[in-house]
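S.K.: Have a look at this one before I ask anything.
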Amino acid sequence: MTFPVAGNRSVKKPPCSLGSLIGGHLTAALGCWSLLAVLSVSQSWAFDTEPQMTFEQRQKTVAFQHDHLQHLQLGQPQPTPEFVQKYNRLATAAAERDIAIDQQKTGRWFFAYNRVGGDNGPEYATVHRYSQLLLSYGNLKNLPGYSKENYDQAVRYWQSWQDPATGRFRNVDDPTAPINGKYMPALLTMLQAAPLYPWMADGGAGLNPESVTRICARRPWYSTQFHTATFQQTCMLTAIHEGHSQYVPHLEQGLELLLPMINPKTGMLGGPNNLTGANWSDYSATADTLKGGARLVGYMGVENLPYRHQRADHLLRNLDHFCGSVSVQRNMLEACVHCITESTYRREELYGAIEKIAQSAMHGSPWETQHTASYVTYLFCLAGGVLHWDLYDGRLPLTPQVLNNGVLHDWRILIGPYGRVATVYKKPADAIFWNPKWNNQRYLEQSYAVRNDQHDRRTIHEVVPMRREGWAFHQGPNGHFVGETTFSLSPENGPLEFPFLKMTWDRPITIWVNGKKTSHKMGTMSEPGGIFLPEDIAATLQPGSNTIRIETATKSTAAPQVAIGLIDWRLADR
């Protein structure tokens with residue numbers, strides 16, 4: 001099903017500034033290239049992977065991404081390797097060659113034909129070819145063929161690709177031709193312009209939680225749709241951020257179904273059929289395994305994702321097996337960057353792996369075609385930023401969501417101490433990015449990697465042993481079962497540092513702690529899992545008697561089987 005949303009929201013977005021691009025740098029422009037959030041058309045919504053932002057918020061986002069990149073990168077700037085400089089010279093020459101042919105044929109500036117094929121058109125080719133030119137020339141006015149007349153004509157032309165009635169983009173020269181609409185806002189941003197109307201992303205049919213559940217529950221464990229499922233889950237997090245809390249239990253359930261598909265030996269999505277050796281050369285498999293994981297880490301910042309150290313080990317162990325296709329190299333390099341953002345584990349070796357992958361990208365002649373050049377230009381931007389190459393200092397990759405780790409969302413996703421249960425909860429006010437008191441330095445002191453490293457040092461302390469007995473159930477007029485139980489806390493327990501309910505359940509239930517709703521859990525959980533109690537819920541726990549109440553979500557002829565206890569996942573013994 002697709003959840004309808006009452007009313008429409010038609011917010012015309014201000015254009016992202018090319019700011020320092022015009023002044024000779026690419027930073028503001030590339031920061032703006034993360035696509036603006038999708039706006040509504042009719043009663044159904046489509047969501048993007050990032051929240052909607054004002055121009056000022058976008059500037060704050062770019063500043064954070066730069067600070068985060070600097071926090072991750074090696075110390076002093078290093079000379080950009082000669083092989084990278086060689087690539088930029090040759091890739092720029094190839095881009096100049098192609099666009100000169102296209103401009104002579106069409107009379108259009110800032111336009112490139114797609115020479116790759118597939119479901120992409122000139123919008124795809126223009127973004128990738130001109131991103132290389134901007135990298136080399138530094139600003140729009142220095143680009144070959146620039147004039148005020150050509151610039152104005154290019155803005156009018158690309159803005160005309162948007163249908164004002166639907167907000168969608170189409171090729172005005174050939175309306176039946178396939179296009180990849182996600183490139184259009186990025187393309188207009190490069191031109192210091194914006195879509196004229198609220199816009200819809202590709203598909204635009206809203207979210208489908210049941211579809212995500214089917215994908216995540218599929219067996220055998222290796223599925224070729226992790227990429228699709230995690231994209232939808234990322235969009236769910238954005239929807240939740242924008243006020244649609246009905247997606248919380250669906251997002252939690254989807255993640256809980258994905259968690260068993262992470263191989264304990266490799267840390268990768270794919271279960272027992274995980275990639276090893278030469279299998280890393282297959283793009284489809286690596287896209288599914290690595291891009292799925294990339295969204296969990298880079299976009300959503302799922303905290304305490306299981307087997308993260310095994311993931312770094314597996315990437316380093318297979319370093320010699322993925323140097324064939326530049327698309328695989330890009331995926332592998334991005335995965336190494338995610339490991340660095342996720343934890344300090346084996347960081348120095350991961351820096352070395354990133355450098356090795358970058359060197360392997362020069363095999364063959366990747367600058368010659370749009371397809372390979374688009375991957376390598378992005379790959380070098382990301383590698384150069386992390387490794388602190390001087391020509392890339394202060395620059396961002398084409399899609400800087402890889403560096404967000406869930407920062408831009410008001411909600412956080414935490415996997416409990418047993419690695420089975422996801423809790424999606426509102427961040428404390430001072431941890432919300434849009435809070436005026438929020439600052440980059442404070443975040444970096446408690447960054448995603450810092451929090452994950454803290455979780456590695458936590459230990460589980462049983463406060464109230466898990467038990468099945470002690471429930472008082474009654475069946476309401478709607479056929480749902482309602483149950484209550486109490487547990488006692490002694491003053492010796494003191495304030496709990498990081499409290500979780502330790503639970504199993506056999507059907508969907510809603511849970512209240514001392515009268516405050518804490519969770520609605522879908523599906524079942526047969527092994528003990530930890531449901532995090534956020535600060536406002538934890539504050540209700542008190543010495544003496546405390547009450548847990550549950551209600552089943554559907555009619556039933558028998559009371560549910562629920563076991564419950566309380567643990568403290570402490571950072572230090574007391």
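In the structure tokens, each chain is lettered A, B, ... as it comes, each chain's residues begin at 1, and ligands are numbered from 1 in order of appearance.
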Which residues are close to A:Phe110, i.e. within 12 Å by only C-alpha atoms, leaving aside same-chain residues fewer than 4 positions away? Reply as a PyMOL selection string.

M.R.: chain A and resi 95-96+98-100+102-104+106+122-123+125-131+133-134+140-141+143-147+149-158+187-188+190-191

S.K.: Considering only C-alpha atoms, can you say which of A:Asp67, A:Glu469, A:Glu210, A:Glu303 comes closest to A:Phe487?

M.R.: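 Looking at the shortest contact to A:Phe487, the residue is A:Glu469.
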
S.K.: Show which residues sit within 9 Å of A:His338, as a compact mmCIF listing (two decimals) with N, CA and C atoms, in the first residue's frame. Count only C-alpha atoms, and ignore same-chain residues fewer than 2 positions away.

M.R.:
# COMPACT_ATOMS: atom_id res chain seq x y z
N GLY A 293 24.38 -1.64 1.94
CA GLY A 293 25.08 -1.28 3.17
C GLY A 293 25.40 0.20 3.24
N ALA A 294 25.68 0.81 2.08
CA ALA A 294 26.02 2.23 2.05
C ALA A 294 24.87 3.09 2.56
N VAL A 297 24.59 2.90 6.38
CA VAL A 297 25.65 3.60 7.09
C VAL A 297 25.73 5.06 6.66
N GLY A 298 25.98 5.29 5.37
CA GLY A 298 26.26 6.63 4.89
C GLY A 298 25.07 7.56 4.92
N LEU A 333 35.42 1.43 -2.94
CA LEU A 333 36.03 2.58 -2.30
C LEU A 333 35.03 3.28 -1.37
N GLU A 334 33.79 3.42 -1.84
CA GLU A 334 32.76 4.03 -1.01
C GLU A 334 32.53 3.21 0.26
N ALA A 335 32.56 1.87 0.12
CA ALA A 335 32.38 1.01 1.29
C ALA A 335 33.51 1.21 2.30
N CYS A 336 34.73 1.39 1.82
CA CYS A 336 35.85 1.66 2.73
C CYS A 336 35.66 2.98 3.45
N ILE A 340 35.25 3.89 7.57
CA ILE A 340 35.97 4.95 8.29
C ILE A 340 35.01 5.86 9.04
N THR A 341 33.85 6.17 8.43
CA THR A 341 32.87 7.00 9.13
C THR A 341 32.21 6.25 10.26
N GLU A 342 32.17 4.92 10.16
CA GLU A 342 31.41 4.10 11.11
C GLU A 342 32.21 3.76 12.36
N SER A 343 33.53 3.71 12.27
CA SER A 343 34.34 3.25 13.39
C SER A 343 35.79 3.65 13.15
N VAL A 402 26.97 10.40 1.24
CA VAL A 402 27.85 9.37 1.77
C VAL A 402 28.45 9.80 3.10
N LEU A 403 28.50 11.10 3.36
CA LEU A 403 29.13 11.62 4.57
C LEU A 403 28.13 12.03 5.64
N ASN A 405 25.66 10.19 7.44
CA ASN A 405 25.50 9.29 8.58
C ASN A 405 24.28 9.62 9.42

S.K.: Please determine, counting only C-alpha atoms, which residue among A:Phe64, A:Phe500, A:Tyr113, A:Tyr87 has the shortest atom-to-atom distance to A:Thr372.

M.R.: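 With only C-alpha atoms as the atom set, the closest residue is A:Tyr87.
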
S.K.: My list of candidates is A:Asn546, A:Gly565, A:Gly385, A:Ala429. Which is closest to A:Met466 when distances are computed with only C-alpha atoms?

M.R.: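 Using only C-alpha atoms, the shortest distance to A:Met466 belongs to A:Gly565.
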
S.K.: List as a count of residues only the protein and nucleic acid residues near A:Gly292, meaning an atom at most 6 Å away when only C-alpha atoms are counted, but skip any in the same chain fewer than 5 places from it.

M.R.: 3

S.K.: How many Å lie between atom CA of A:Lys516 and atom CA of A:Met236, rounded to one decimal?

M.R.: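 One can read the atom CA of A:Lys516 to atom CA of A:Met236 distance as 24.0 Å.
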
S.K.: Between atom CA of A:Pro543 and atom CA of A:Asn493, what is the spacing in Å?

M.R.: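 For atom CA of A:Asn493 relative to atom CA of A:Pro543, the distance reads 8.0 Å.
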